[in-house]
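**Q** I'm passing along upload.txt; it holds compact mmCIF, C-alpha atoms.
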```txt
# COMPACT_ATOMS: atom_id res chain seq x y z
CA MET A 26 59.97 46.83 100.99
CA SER A 27 59.99 43.39 102.52
CA ALA A 28 58.20 40.08 102.33
CA PRO A 29 55.31 39.52 104.78
CA ALA A 30 56.58 38.40 108.16
CA ASP A 31 55.07 34.96 107.79
CA THR A 32 56.39 34.17 104.29
CA LEU A 33 59.76 32.86 105.41
CA ALA A 34 58.25 31.05 108.37
CA VAL A 35 55.69 29.30 106.15
CA LEU A 36 58.35 28.24 103.68
CA LYS A 37 60.66 26.97 106.42
CA ALA A 38 57.81 24.94 107.92
CA ARG A 39 56.95 23.44 104.54
CA PHE A 40 60.58 22.90 103.48
CA PRO A 41 62.59 22.04 106.64
CA ARG A 42 65.95 22.33 104.87
CA VAL A 43 65.32 25.93 103.84
CA ALA A 44 67.23 28.42 106.02
CA GLU A 45 67.23 32.17 106.38
CA ARG A 46 70.30 33.81 104.88
CA ALA A 47 72.04 36.86 106.34
CA SER A 48 71.11 39.92 104.29
CA LEU A 49 71.49 43.67 104.68
CA ASP A 50 68.55 44.60 102.46
CA HIS A 51 65.85 42.08 101.55
CA PRO A 52 64.73 38.82 103.15
CA ALA A 53 66.88 35.98 101.83
CA LEU A 54 66.78 32.21 101.84
CA ASP A 55 69.32 29.42 101.38
CA VAL A 56 67.58 26.61 99.49
CA PRO A 57 68.96 23.15 98.69
CA THR A 58 69.01 22.11 95.03
CA THR A 59 66.45 19.36 95.57
CA ASP A 60 63.88 21.85 96.94
CA LEU A 61 64.68 24.74 94.61
CA PHE A 62 61.97 24.36 91.97
CA ALA A 63 59.25 23.65 94.54
CA VAL A 64 60.29 26.66 96.66
CA LEU A 65 60.34 28.99 93.63
CA ARG A 66 56.91 27.71 92.57
CA ALA A 67 55.54 28.22 96.08
CA LEU A 68 56.86 31.77 96.17
CA ARG A 69 55.19 32.47 92.83
CA ASP A 70 51.87 30.71 93.38
CA ASP A 71 51.28 31.00 97.13
CA HIS A 72 53.09 34.22 98.03
CA ASP A 73 52.53 36.38 94.94
CA PHE A 74 56.16 36.71 93.85
CA ASP A 75 55.11 37.03 90.25
CA LEU A 76 58.25 38.59 88.73
CA LEU A 77 61.75 37.13 88.46
CA SER A 78 63.61 40.43 88.34
CA ASP A 79 67.10 38.94 88.20
CA LEU A 80 68.97 35.65 88.12
CA THR A 81 72.73 35.43 88.37
CA ALA A 82 75.51 33.28 89.78
CA PHE A 83 78.73 33.73 91.72
CA ASP A 84 81.93 31.80 92.21
CA ALA A 85 82.98 31.60 95.87
CA GLY A 86 86.53 30.57 94.97
CA VAL A 87 88.53 27.68 93.57
CA ASP A 88 89.29 26.29 97.03
CA VAL A 89 85.75 26.67 98.38
CA SER A 90 83.05 24.01 98.45
CA PRO A 91 80.32 24.50 97.47
CA ARG A 92 81.93 26.80 94.96
CA PHE A 93 79.12 27.92 92.66
CA HIS A 94 75.85 29.52 93.75
CA VAL A 95 72.84 30.71 91.78
CA VAL A 96 70.92 33.76 93.04
CA TYR A 97 67.29 34.65 92.29
CA HIS A 98 65.68 38.01 93.03
CA LEU A 99 61.89 37.82 93.11
CA LEU A 100 59.41 40.70 93.26
CA ALA A 101 55.78 40.68 94.35
CA ILE A 102 54.64 43.57 92.18
CA ARG A 103 51.40 44.52 93.91
CA ARG A 104 52.99 45.00 97.31
CA ALA A 105 56.53 45.89 96.17
CA ALA A 106 58.06 43.06 98.21
CA TYR A 107 61.37 41.43 97.37
CA VAL A 108 62.92 38.14 98.38
CA ARG A 109 66.32 36.68 97.50
CA VAL A 110 66.82 32.93 96.99
CA VAL A 111 70.30 31.41 96.93
CA VAL A 112 71.08 27.83 95.96
CA ALA A 113 74.50 26.19 96.22
CA CYS A 114 75.40 23.88 93.35
CA GLU A 115 76.16 20.43 94.72
CA SER A 116 79.05 19.72 92.33
CA ASN A 117 82.08 21.97 91.86
CA ASP A 118 83.06 20.11 88.68
CA SER A 119 79.65 20.04 86.99
CA PRO A 120 77.48 22.69 88.68
CA GLU A 121 73.80 22.31 87.87
CA VAL A 122 70.41 23.43 89.18
CA PRO A 123 66.85 23.08 87.82
CA SER A 124 65.77 25.63 85.23
CA ALA A 125 63.27 28.31 86.28
CA VAL A 126 62.05 28.83 82.71
CA PRO A 127 58.84 26.79 83.29
CA LEU A 128 57.95 29.27 86.06
CA TRP A 129 59.21 32.51 84.52
CA PRO A 130 59.94 32.39 80.76
CA GLY A 131 62.17 35.46 81.23
CA ALA A 132 64.67 33.23 83.04
CA ASN A 133 65.73 31.92 79.62
CA TRP A 134 68.38 34.52 78.83
CA HIS A 135 69.43 34.94 82.48
CA GLU A 136 70.22 31.23 82.68
CA ARG A 137 72.03 31.25 79.36
CA GLU A 138 74.24 34.08 80.62
CA ALA A 139 74.99 32.27 83.90
CA PHE A 140 75.87 29.16 81.89
CA ASP A 141 78.04 31.20 79.52
CA MET A 142 79.96 33.09 82.20
CA PHE A 143 80.15 30.51 85.03
CA GLY A 144 79.50 27.13 83.41
CA VAL A 145 76.44 26.48 85.57
CA ARG A 146 73.98 24.23 83.74
CA PHE A 147 70.20 24.52 84.15
CA ALA A 148 68.45 21.18 83.87
CA GLY A 149 65.33 21.41 81.73
CA HIS A 150 66.28 24.65 79.99
CA PRO A 151 64.74 24.63 76.50
CA ASP A 152 67.79 25.99 74.67
CA LEU A 153 70.88 26.19 76.87
CA ARG A 154 73.43 27.80 74.55
CA ARG A 155 76.07 30.43 75.17
CA ILE A 156 74.70 33.93 74.76
CA LEU A 157 77.84 36.12 74.63
CA MET A 158 80.77 33.86 73.80
CA TRP A 159 80.80 31.54 70.81
CA ASP A 160 79.71 27.94 71.30
CA GLU A 161 83.20 26.45 71.04
CA TYR A 162 84.79 28.86 73.53
CA PRO A 163 86.41 26.61 76.16
CA HIS A 164 86.46 28.95 79.19
CA PHE A 165 84.02 30.70 81.56
CA PRO A 166 85.02 34.38 81.89
CA LEU A 167 83.50 35.13 85.33
CA ARG A 168 85.09 32.23 87.15
CA LYS A 169 87.70 33.21 89.72
CA GLU A 170 90.61 31.64 87.84
CA PHE A 171 89.89 33.56 84.63
CA PRO A 172 92.44 36.41 84.24
CA LEU A 173 91.37 39.99 83.58
CA ALA A 174 93.58 40.02 80.49
CA GLY A 175 91.62 37.12 79.01
CA ILE A 176 92.88 33.86 77.55
CA ASP A 177 93.96 33.42 73.95
CA ALA A 178 91.50 31.23 72.09
CA PRO A 179 90.86 30.55 68.39
CA LEU A 180 88.48 33.07 66.84
CA PRO A 181 85.59 31.44 64.98
CA ASP A 182 84.97 34.27 62.55
CA ALA A 183 87.48 34.90 59.76
CA GLU A 184 86.53 38.59 59.49
CA VAL A 185 87.06 39.21 63.21
CA ALA A 186 90.33 37.30 63.06
CA ALA A 187 91.51 39.39 60.10
CA GLU A 188 90.74 42.64 61.93
CA SER A 189 92.65 41.48 64.99
CA GLY A 190 95.60 40.37 62.87
CA SER A 191 95.57 36.95 64.46
CA ARG A 192 93.62 33.71 64.45
CA ALA A 193 93.67 33.87 68.25
CA ALA A 194 92.84 36.62 70.68
CA PRO A 195 92.17 36.98 74.39
CA ALA A 196 88.50 36.88 75.23
CA PRO A 197 86.64 38.89 76.16
CA MET A 198 88.50 40.83 73.47
CA ALA A 199 90.46 43.86 74.70
CA GLY A 200 89.74 42.67 78.22
CA GLY A 201 92.46 44.30 80.28
CA PRO A 202 94.75 44.43 82.05
CA PHE A 203 92.74 47.20 83.64
CA VAL A 204 94.26 50.31 85.14
CA ALA A 205 92.81 53.23 87.08
CA THR A 206 94.08 56.76 87.48
CA PRO A 207 94.17 57.83 91.16
CA VAL A 208 92.25 61.12 91.36
CA ASP A 209 90.41 62.79 94.19
CA PHE A 210 87.07 63.84 92.73
CA ASN A 211 86.70 63.01 89.04
CA LEU A 212 85.06 59.58 89.12
CA THR A 213 84.96 59.36 85.32
CA GLU A 214 88.73 59.63 85.06
CA SER A 215 89.25 57.12 87.87
CA GLU A 216 87.18 54.37 86.25
CA PRO A 217 89.25 51.28 85.37
CA ARG A 218 90.07 51.15 81.68
CA ALA A 219 91.75 48.59 79.48
CA LYS A 220 95.30 49.52 78.48
CA ASP A 221 94.49 48.61 74.91
CA GLU A 222 91.29 50.35 73.78
CA SER A 223 92.12 50.37 70.09
CA TRP A 224 88.94 48.42 69.41
CA THR A 225 86.90 51.48 70.47
CA GLU A 226 88.53 53.79 67.91
CA LYS A 227 86.32 54.89 65.05
CA LYS A 228 87.53 53.62 61.70
CA GLU A 229 87.12 55.69 58.56
CA LYS A 230 84.76 54.14 56.07
CA PRO A 231 86.18 53.63 52.56
CA ASP A 232 84.89 56.01 49.90
```
Can you present the structure in this file as structure tokens?
**A**
Amino acid sequence: MSAPADTLAVLKARFPRVAERASLDHPALDVPTTDLFAVLRALRDDHDFDLLSDLTAFDAGVDVSPRFHVVYHLLAIRRAAYVRVVVACESNDSPEVPSAVPLWPGANWHEREAFDMFGVRFAGHPDLRRILMWDEYPHFPLRKEFPLAGIDAPLPDAEVAAESGSRAAPAPMAGGPFVATPVDFNLTESEPRAKDESWTEKKEKPD
């Protein structure tokens, strides 16, 4: 499953700053922020990439510039062709790219998650709020500097705070440190698990 041979060539001719990106599976492009929306629209309208199957971000590291990247996986349904688009955020301090919601409404929650976990903002998003963490949470859990054990932060909900026995808790709650049991064949037993999994225990309901 691949894009037509001329798709990347046509895009590179139309957008000179677009470059092919090394990839082991699907055709991939590096796109500058200023061309991103136009390139995504061209892929949708002129090359039949009608489905945004995934949108995510990654943090290349605290000492790397550009540090934050946003990744789009597009699918042309009728011919089962994929293409990957990667854009580097120009600012490490305030990473931002244009929203893809006007092109694919399904980008809404994907972009909210990338904002929530990495702090990447999407200009033009209709409702850019955190989707997993609470609005006042001051950290971004998938950034490189965020520890597996979480960071203590005030809990916004009195009931949750009462159950935890504290007004503060690491978030994500019960998030590590993670340990794995070295075994030869049982993959289930070797999966990393949090040392404290008390939150998964079933509690007896009062009569």
**Q** For CA of Thr58 in chain A and CA of Lys37 in chain A, determine how far apart the two atoms are, in Å to one decimal place.
**A**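 Distance reported for this atom pair: 14.9 Å.
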**Q** So the first atom is CA of Pro179 in chain A and the second is CA of Met142 in chain A; what is the distance between them in Å, to one decimal place?
**A**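 Separating CA of Pro179 in chain A from CA of Met142 in chain A is a distance of 17.8 Å.
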**Q** CA of Arg168 in chain A and CA of Pro120 in chain A are how many Å apart?
**A**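 So the answer is 12.3 Å.
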**Q** Find the residue from A:Lys169, A:Arg66, A:Arg103, A:Arg42 that sits nearest to Val126 in chain A; use only C-alpha atoms when measuring.
**A**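 Comparing A:Lys169, A:Arg66, A:Arg103, A:Arg42 against Val126 in chain A, the winner is A:Arg66.
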**Q** Skip range 77-79 of chain A itself and residues of its chain fewer than 2 positions away, then list as JSON, numbers by chain all residues within 9 Å of it, counting all atoms listed in the file.
**A** {"A": [74, 75, 81, 96, 97, 98, 99, 100, 129, 131, 132, 135]}
**Q** I want to know what sits within 12 Å of Ala63 in chain A, based on only C-alpha atoms, with residues of the same chain fewer than 4 positions away left out; could you give that as a PyMOL selection string?
**A** chain A and resi 36+39-40+43+56-59+67-71+123-125+127-128
**Q** Write out as a PyMOL selection string which residues come within 10 Å of Arg146 in chain A when counting all atoms listed in the file, dropping same-chain ones fewer than 5 positions away.
**A** chain A and resi 114+119-124+136-137+139-141+153-154
**Q** Out of A:Arg109, A:Arg155, A:His164, A:His150, which residue has the shortest atom-to-atom distance to Leu49 in chain A when counting all atoms listed in the file?
**A**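 Ranked by minimum distance to Leu49 in chain A, first place goes to A:Arg109.
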